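Undergrad: Sharing work_8.pdb, PDB, C-alpha atoms:
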MODEL        1
ATOM      1  CA  MET A   1      -0.030  25.952  -9.718
ATOM      2  CA  THR A   2       3.403  24.635  -8.849
ATOM      3  CA  SER A   3       5.404  21.960 -10.634
ATOM      4  CA  LEU A   4       6.752  19.512  -8.064
ATOM      5  CA  THR A   5      10.207  17.996  -7.991
ATOM      6  CA  THR A   6       9.453  15.625  -5.110
ATOM      7  CA  PHE A   7       6.162  13.896  -4.492
ATOM      8  CA  TYR A   8       4.652  10.774  -2.976
ATOM      9  CA  LEU A   9       3.175   7.798  -4.787
ATOM     10  CA  SER A  10       0.052   8.011  -2.606
ATOM     11  CA  ARG A  11      -0.653  11.482  -3.972
ATOM     12  CA  LEU A  12      -0.004  10.368  -7.564
ATOM     13  CA  ILE A  13      -2.378   7.377  -7.506
ATOM     14  CA  GLY A  14      -5.828   8.530  -8.550
ATOM     15  CA  CYS A  15      -4.570  11.748 -10.163
ATOM     16  CA  LYS A  16      -6.128  12.831 -13.401
ATOM     17  CA  ILE A  17      -3.876  13.144 -16.432
ATOM     18  CA  PHE A  18      -4.229  16.276 -18.557
ATOM     19  CA  ASP A  19      -2.733  17.175 -21.909
ATOM     20  CA  ALA A  20      -1.286  20.596 -22.759
ATOM     21  CA  ARG A  21      -4.797  21.910 -23.555
ATOM     22  CA  GLU A  22      -6.165  20.750 -20.182
ATOM     23  CA  LYS A  23      -8.149  17.877 -21.721
ATOM     24  CA  ILE A  24      -8.515  14.932 -19.321
ATOM     25  CA  LEU A  25      -6.770  11.886 -20.780
ATOM     26  CA  GLY A  26      -7.285   9.435 -17.925
ATOM     27  CA  GLN A  27      -6.451   8.626 -14.326
ATOM     28  CA  ILE A  28      -3.299   7.030 -12.845
ATOM     29  CA  LEU A  29      -3.834   3.667 -11.156
ATOM     30  CA  ASP A  30      -0.233   2.448 -10.774
ATOM     31  CA  VAL A  31       3.316   3.264 -11.832
ATOM     32  CA  TYR A  32       5.818   1.036 -13.660
ATOM     33  CA  VAL A  33       9.466   1.464 -12.702
ATOM     34  CA  HIS A  34      12.582  -0.146 -14.066
ATOM     35  CA  ILE A  35      14.924  -1.307 -11.319
ATOM     36  CA  PRO A  36      18.528  -1.393 -12.568
ATOM     37  CA  ALA A  37      20.350  -4.613 -11.805
ATOM     38  CA  SER A  38      23.782  -3.039 -11.466
ATOM     39  CA  LEU A  39      25.852   0.083 -11.828
ATOM     40  CA  PHE A  40      26.847  -1.137 -15.293
ATOM     41  CA  GLU A  41      23.264  -0.947 -16.447
ATOM     42  CA  GLN A  42      22.721   2.646 -15.341
ATOM     43  CA  GLU A  43      24.642   5.275 -13.404
ATOM     44  CA  SER A  44      21.931   5.569 -10.764
ATOM     45  CA  LEU A  45      20.510   2.539  -9.015
ATOM     46  CA  LYS A  46      17.274   4.370  -8.369
ATOM     47  CA  PRO A  47      14.213   2.895 -10.089
ATOM     48  CA  GLN A  48      13.074   5.069 -12.990
ATOM     49  CA  VAL A  49       9.445   5.573 -13.968
ATOM     50  CA  ILE A  50       8.896   4.079 -17.421
ATOM     51  CA  GLY A  51       5.117   3.841 -17.648
ATOM     52  CA  PHE A  52       1.750   3.815 -15.954
ATOM     53  CA  ILE A  53      -1.424   1.827 -15.628
ATOM     54  CA  VAL A  54      -4.146   4.309 -16.437
ATOM     55  CA  LYS A  55      -7.915   4.195 -16.368
ATOM     56  CA  ILE A  56      -9.467   5.492 -19.574
ATOM     57  CA  ASP A  57     -13.181   5.170 -20.273
ATOM     58  CA  GLY A  58     -13.489   2.656 -17.446
ATOM     59  CA  LYS A  59     -10.735   0.380 -18.805
ATOM     60  CA  LYS A  60      -7.220  -0.244 -17.495
ATOM     61  CA  LYS A  61      -4.472   0.348 -20.051
ATOM     62  CA  ASN A  62      -0.687   0.476 -20.069
ATOM     63  CA  ALA A  63       0.562   3.888 -21.082
ATOM     64  CA  VAL A  64       3.640   6.019 -21.513
ATOM     65  CA  LEU A  65       3.378   9.746 -20.799
ATOM     66  CA  LYS A  66       5.615  12.050 -22.819
ATOM     67  CA  ASP A  67       7.185  14.954 -20.887
ATOM     68  CA  PHE A  68       4.966  14.559 -17.830
ATOM     69  CA  GLN A  69       5.082  16.686 -14.720
ATOM     70  CA  ILE A  70       3.279  16.595 -11.397
ATOM     71  CA  VAL A  71       1.499  19.864 -10.696
ATOM     72  CA  LYS A  72       0.106  20.985  -7.347
ATOM     73  CA  PHE A  73      -2.811  23.378  -7.259
ATOM     74  CA  GLY A  74      -4.128  24.052  -3.766
ATOM     75  CA  ILE A  75      -4.041  20.728  -1.925
ATOM     76  CA  ARG A  76      -4.690  18.659  -5.051
ATOM     77  CA  TYR A  77      -2.295  17.199  -7.603
ATOM     78  CA  LYS A  78      -2.624  16.536 -11.291
ATOM     79  CA  VAL A  79      -0.380  15.143 -13.990
ATOM     80  CA  GLN A  80       0.261  17.122 -17.148
ATOM     81  CA  CYS A  81       1.891  15.647 -20.221
ATOM     82  CA  GLN A  82       2.480  16.438 -23.870
ATOM     83  CA  SER A  83       0.905  13.171 -24.972
ATOM     84  CA  LEU A  84      -0.218   9.751 -23.793
ATOM     85  CA  SER A  85       0.480   6.645 -25.852
ATOM     86  CA  PHE A  86      -0.580   3.086 -25.178
ATOM     87  CA  ALA A  87       2.080   0.418 -24.787
ATOM     88  CA  PRO A  88       1.924  -3.366 -25.018
ATOM     89  CA  GLU A  89       2.358  -5.220 -21.724
ATOM     90  CA  LYS A  90       5.590  -6.800 -22.965
ATOM     91  CA  LYS A  91       7.212  -3.339 -22.872
ATOM     92  CA  PHE A  92       6.984  -3.586 -19.077
ATOM     93  CA  ASN A  93       8.204  -7.198 -18.681
ATOM     94  CA  GLU A  94      11.301  -6.054 -16.797
ATOM     95  CA  ALA A  95       9.428  -3.432 -14.760
ATOM     96  CA  ILE A  96       7.735  -3.558 -11.397
ATOM     97  CA  LEU A  97       4.489  -1.876 -10.310
ATOM     98  CA  LEU A  98       4.970   0.336  -7.264
ATOM     99  CA  LYS A  99       1.475   0.212  -5.811
ATOM    100  CA  GLU A 100       0.919  -3.474  -6.446
ATOM    101  CA  TYR A 101       4.327  -4.866  -5.464
ATOM    102  CA  ILE A 102       6.025  -2.363  -3.133
ATOM    103  CA  LEU A 103       3.345  -0.543  -1.097
ATOM    104  CA  ASP A 104       2.303  -2.417   2.054
ATOM    105  CA  GLN A 105       5.176  -4.883   1.643
ATOM    106  CA  GLN A 106       7.481  -5.747   4.493
ATOM    107  CA  ILE A 107      11.096  -4.730   4.204
ATOM    108  CA  VAL A 108      13.185  -7.552   5.619
ATOM    109  CA  ASP A 109      16.767  -7.625   6.775
ATOM    110  CA  ILE A 110      19.398  -9.936   5.344
ATOM    111  CA  THR A 111      18.493 -12.720   7.798
ATOM    112  CA  GLY A 112      14.855 -12.643   6.672
ATOM    113  CA  ARG A 113      13.337 -10.963   9.743
ATOM    114  CA  LYS A 114      10.528  -8.543   8.955
ATOM    115  CA  LEU A 115      11.425  -5.038  10.003
ATOM    116  CA  VAL A 116       9.023  -2.422   8.687
ATOM    117  CA  ARG A 117       6.145  -1.938   6.300
ATOM    118  CA  VAL A 118       6.281   0.359   3.268
ATOM    119  CA  ASN A 119       3.589   2.987   3.852
ATOM    120  CA  ASP A 120       4.406   5.300   0.938
ATOM    121  CA  ILE A 121       7.064   5.936  -1.680
ATOM    122  CA  ARG A 122       8.911   9.217  -2.138
ATOM    123  CA  MET A 123       9.698  10.090  -5.727
ATOM    124  CA  MET A 124      11.673  12.791  -7.516
ATOM    125  CA  ALA A 125      11.196  14.380 -10.938
ATOM    126  CA  VAL A 126      14.248  15.796 -12.719
ATOM    127  CA  PRO A 127      14.823  16.614 -16.405
ATOM    128  CA  SER A 128      16.113  13.075 -17.070
ATOM    129  CA  GLY A 129      12.938  11.457 -15.675
ATOM    130  CA  ALA A 130      11.132  10.489 -12.481
ATOM    131  CA  TYR A 131      12.770   8.207  -9.930
ATOM    132  CA  VAL A 132      12.027   6.456  -6.640
ATOM    133  CA  VAL A 133      14.309   7.919  -3.965
ATOM    134  CA  ALA A 134      13.015   6.481  -0.685
ATOM    135  CA  VAL A 135      10.364   4.398   0.997
ATOM    136  CA  ASP A 136       8.360   5.959   3.807
ATOM    137  CA  VAL A 137       8.052   3.539   6.698
ATOM    138  CA  GLY A 138       6.727   6.020   9.257
ATOM    139  CA  THR A 139       3.336   6.878  10.657
ATOM    140  CA  GLU A 140       3.164  10.047   8.566
ATOM    141  CA  GLY A 141       3.300   7.952   5.373
ATOM    142  CA  LEU A 142       0.402   5.812   6.558
ATOM    143  CA  LEU A 143      -1.661   8.862   7.515
ATOM    144  CA  ARG A 144      -0.899  10.439   4.118
ATOM    145  CA  ARG A 145      -2.106   7.312   2.327
ATOM    146  CA  ILE A 146      -5.430   7.289   4.121
ATOM    147  CA  GLY A 147      -5.788  11.029   3.593
ATOM    148  CA  ILE A 148      -5.770  12.319   7.159
ATOM    149  CA  ASP A 149      -2.195  13.605   7.485
ATOM    150  CA  ARG A 150      -3.090  17.290   7.077
ATOM    151  CA  PRO A 151      -5.817  17.437   9.760
ATOM    152  CA  ILE A 152      -3.684  15.410  12.187
ATOM    153  CA  ASN A 153      -0.678  17.687  11.598
ATOM    154  CA  LYS A 154      -2.844  20.779  12.197
ATOM    155  CA  ILE A 155      -4.048  19.350  15.503
ATOM    156  CA  LEU A 156      -0.489  18.442  16.514
ATOM    157  CA  LEU A 157       0.682  21.985  15.748
ATOM    158  CA  LEU A 158      -1.637  23.199  18.506
ATOM    159  CA  PHE A 159       0.480  21.118  20.876
ATOM    160  CA  LYS A 160       3.712  22.282  19.174
ATOM    161  CA  THR A 161       4.632  18.800  18.026
ATOM    162  CA  THR A 162       4.839  16.922  14.739
ATOM    163  CA  ILE A 163       4.897  13.379  13.484
ATOM    164  CA  PRO A 164       8.512  12.526  12.694
ATOM    165  CA  SER A 165       9.247  11.393   9.159
ATOM    166  CA  LYS A 166      10.876   8.011   8.740
ATOM    167  CA  PHE A 167      12.413   7.105   5.402
ATOM    168  CA  ILE A 168      14.705   4.420   4.104
ATOM    169  CA  LEU A 169      16.645   5.645   1.093
ATOM    170  CA  TRP A 170      16.252   3.431  -1.952
ATOM    171  CA  ASP A 171      20.045   3.052  -1.997
ATOM    172  CA  ASN A 172      19.586   0.882   1.122
ATOM    173  CA  VAL A 173      16.775  -1.227  -0.358
ATOM    174  CA  GLU A 174      17.435  -4.115  -2.697
ATOM    175  CA  THR A 175      15.137  -6.465  -4.545
ATOM    176  CA  ILE A 176      15.721 -10.104  -3.736
ATOM    177  CA  ASP A 177      14.022 -11.508  -6.801
ATOM    178  CA  LEU A 178      11.973  -9.511  -9.292
ATOM    179  CA  ASN A 179       9.943 -12.634 -10.102
ATOM    180  CA  THR A 180       8.587 -12.800  -6.556
ATOM    181  CA  ARG A 181       8.585  -9.012  -6.178
ATOM    182  CA  SER A 182      10.003  -9.104  -2.640
ATOM    183  CA  ILE A 183      12.459  -6.558  -1.271
ATOM    184  CA  HIS A 184      14.969  -6.538   1.557
ATOM    185  CA  LEU A 185      17.041  -3.980   3.375
TER     186      LEU A 185
ENDMDL
END
How does the structure come out when it is put into C-alpha cells?

TA:
Amino acid sequence: MTSLTTFYLSRLIGCKIFDAREKILGQILDVYVHIPASLFEQESLKPQVIGFIVKIDGKKKNAVLKDFQIVKFGIRYKVQCQSLSFAPEKKFNEAILLKEYILDQQIVDITGRKLVRVNDIRMMAVPSGAYVVAVDVGTEGLLRRIGIDRPINKILLLFKTTIPSKFILWDNVETIDLNTRSIHL
C-alpha cells in the first residue's frame, strides 16, 4: 500500500472510507472544496477540501474526515481516516461540490466562448490538507473517468505511443459566480 500525494477526483469518487482499524465507514460520492476569494483570505488560491458527501447505510450524508489519506493498493484506491463526523449542510454553504459543479463543465474564456470540457480534476494531499491543483481537459482524463485508460495505454505502448496529458492549472481557472457554479479561464 502506498499513500498518494497526487490523485484524481475520478479515482476518489466511489472509494470506500476506512478507519484506523480497517472498518468500512462509508463511500465517497462527492467532495466539498472551499474556493478562496482572494489572496487576503488564504495564501494559496487553490481550492481546499473541507468535506465530503458520503454514502452510509444507503443514505447520503455530509461528513468531515479527520486526518484522511488516499491509499493505493494494487490498482485500487481507498481512503483512510482517523474518524468521520457528520456535518450540517450549512457548514458547506460557501463550498462547491467538485463532481456536481466542476466535472463535465465547460471552461470558457473571458469573452464567453466555450473552450474545453473538464474531464477530471487533479488533486494534491500535503500535511496542511488536500487541494485542487489542475483540471484535466485531455482525452486521458476522459478515458480515466470511464475506467479504460489502463487498457488503452497498454495497447498504445505496443505502438510506442501515449496519450498526451492536457491540464489547466487551477491558478488559470477562476469562478465567475459561485451561485451559478460556472467557471472561466

Undergrad: Pick from A:Ser83, A:Thr111, A:Ser165, A:Gln105: nearest to A:Leu25, with only C-alpha atoms counted?

TA: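 The shortest atom-to-atom distance to A:Leu25 comes from A:Ser83.
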
Undergrad: Take the PyMOL selection byres ((chain A and resi 141) around 10), run it mentally on this structure, and tell me the resulting residues as a ChimeraX atom specification.

TA: /A:8,10,118-122,135-140,142-147,149,163,165-167

Undergrad: Would you mind reading off the distance between atom CA of A:Lys60 and atom CA of A:Phe86, one decimal, in Å?

TA: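 The value is 10.7 Å.
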
Undergrad: As a tab-separated table (two decimals) with C-alpha atoms, keeping the file's coordinate frame, please: the residues near stretch 71-82 of chain A (cut-off 10 Å, all atoms listed in the file, same-chain neighbours under 4 positions excluded).

TA:
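This is the output file around.tsv:
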chain	number	residue	atom	x	y	z
A	1	MET	CA	-0.03	25.95	-9.72
A	2	THR	CA	3.40	24.64	-8.85
A	3	SER	CA	5.40	21.96	-10.63
A	4	LEU	CA	6.75	19.51	-8.06
A	5	THR	CA	10.21	18.00	-7.99
A	7	PHE	CA	6.16	13.90	-4.49
A	11	ARG	CA	-0.65	11.48	-3.97
A	12	LEU	CA	0.00	10.37	-7.56
A	13	ILE	CA	-2.38	7.38	-7.51
A	14	GLY	CA	-5.83	8.53	-8.55
A	15	CYS	CA	-4.57	11.75	-10.16
A	16	LYS	CA	-6.13	12.83	-13.40
A	17	ILE	CA	-3.88	13.14	-16.43
A	18	PHE	CA	-4.23	16.28	-18.56
A	19	ASP	CA	-2.73	17.18	-21.91
A	20	ALA	CA	-1.29	20.60	-22.76
A	21	ARG	CA	-4.80	21.91	-23.56
A	22	GLU	CA	-6.16	20.75	-20.18
A	23	LYS	CA	-8.15	17.88	-21.72
A	24	ILE	CA	-8.52	14.93	-19.32
A	25	LEU	CA	-6.77	11.89	-20.78
A	26	GLY	CA	-7.28	9.44	-17.92
A	27	GLN	CA	-6.45	8.63	-14.33
A	28	ILE	CA	-3.30	7.03	-12.84
A	64	VAL	CA	3.64	6.02	-21.51
A	65	LEU	CA	3.38	9.75	-20.80
A	66	LYS	CA	5.62	12.05	-22.82
A	67	ASP	CA	7.18	14.95	-20.89
A	150	ARG	CA	-3.09	17.29	7.08

Undergrad: Can you work out which one of A:Ala87, A:Ala130, A:Leu103, A:Val116 has the shortest atom-to-atom distance to A:Gln48, counting only C-alpha atoms?

TA: A:Ala130

Undergrad: Could the centre and edge lengths of an axis-aligned box, enclosing all atoms of stretch 86-101 of chain A in the file with 6 Å extra on each side, be given in Å to one decimal as JSON?

TA:
{"center_x": 5.4, "center_y": -2.1, "center_z": -15.3, "size_x": 23.9, "size_y": 22.3, "size_z": 31.7}

Undergrad: Please identify all polymer residues within 9 Å of A:Pro47, counting all atoms listed in the file, omitting same-chain residues fewer than 2 positions from it, and present them as an mmCIF file with C-alpha atoms, in the frame of the given file.

TA:
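Produced file part_11.cif, reproduced below:
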data_model
loop_
_atom_site.group_PDB
_atom_site.id
_atom_site.type_symbol
_atom_site.label_atom_id
_atom_site.label_comp_id
_atom_site.auth_asym_id
_atom_site.auth_seq_id
_atom_site.Cartn_x
_atom_site.Cartn_y
_atom_site.Cartn_z
ATOM 1 C CA VAL A 33 9.466 1.464 -12.702
ATOM 2 C CA HIS A 34 12.582 -0.146 -14.066
ATOM 3 C CA ILE A 35 14.924 -1.307 -11.319
ATOM 4 C CA PRO A 36 18.528 -1.393 -12.568
ATOM 5 C CA SER A 44 21.931 5.569 -10.764
ATOM 6 C CA LEU A 45 20.510 2.539 -9.015
ATOM 7 C CA VAL A 49 9.445 5.573 -13.968
ATOM 8 C CA ALA A 130 11.132 10.489 -12.481
ATOM 9 C CA TYR A 131 12.770 8.207 -9.930
ATOM 10 C CA VAL A 132 12.027 6.456 -6.640
ATOM 11 C CA VAL A 133 14.309 7.919 -3.965
ATOM 12 C CA TRP A 170 16.252 3.431 -1.952
#

Undergrad: Calculate how many Å separate atom CA of A:Ile50 from atom CA of A:Thr6, rounding to one decimal.

TA: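 Going from atom CA of A:Ile50 over to atom CA of A:Thr6, I get 16.9 Å.
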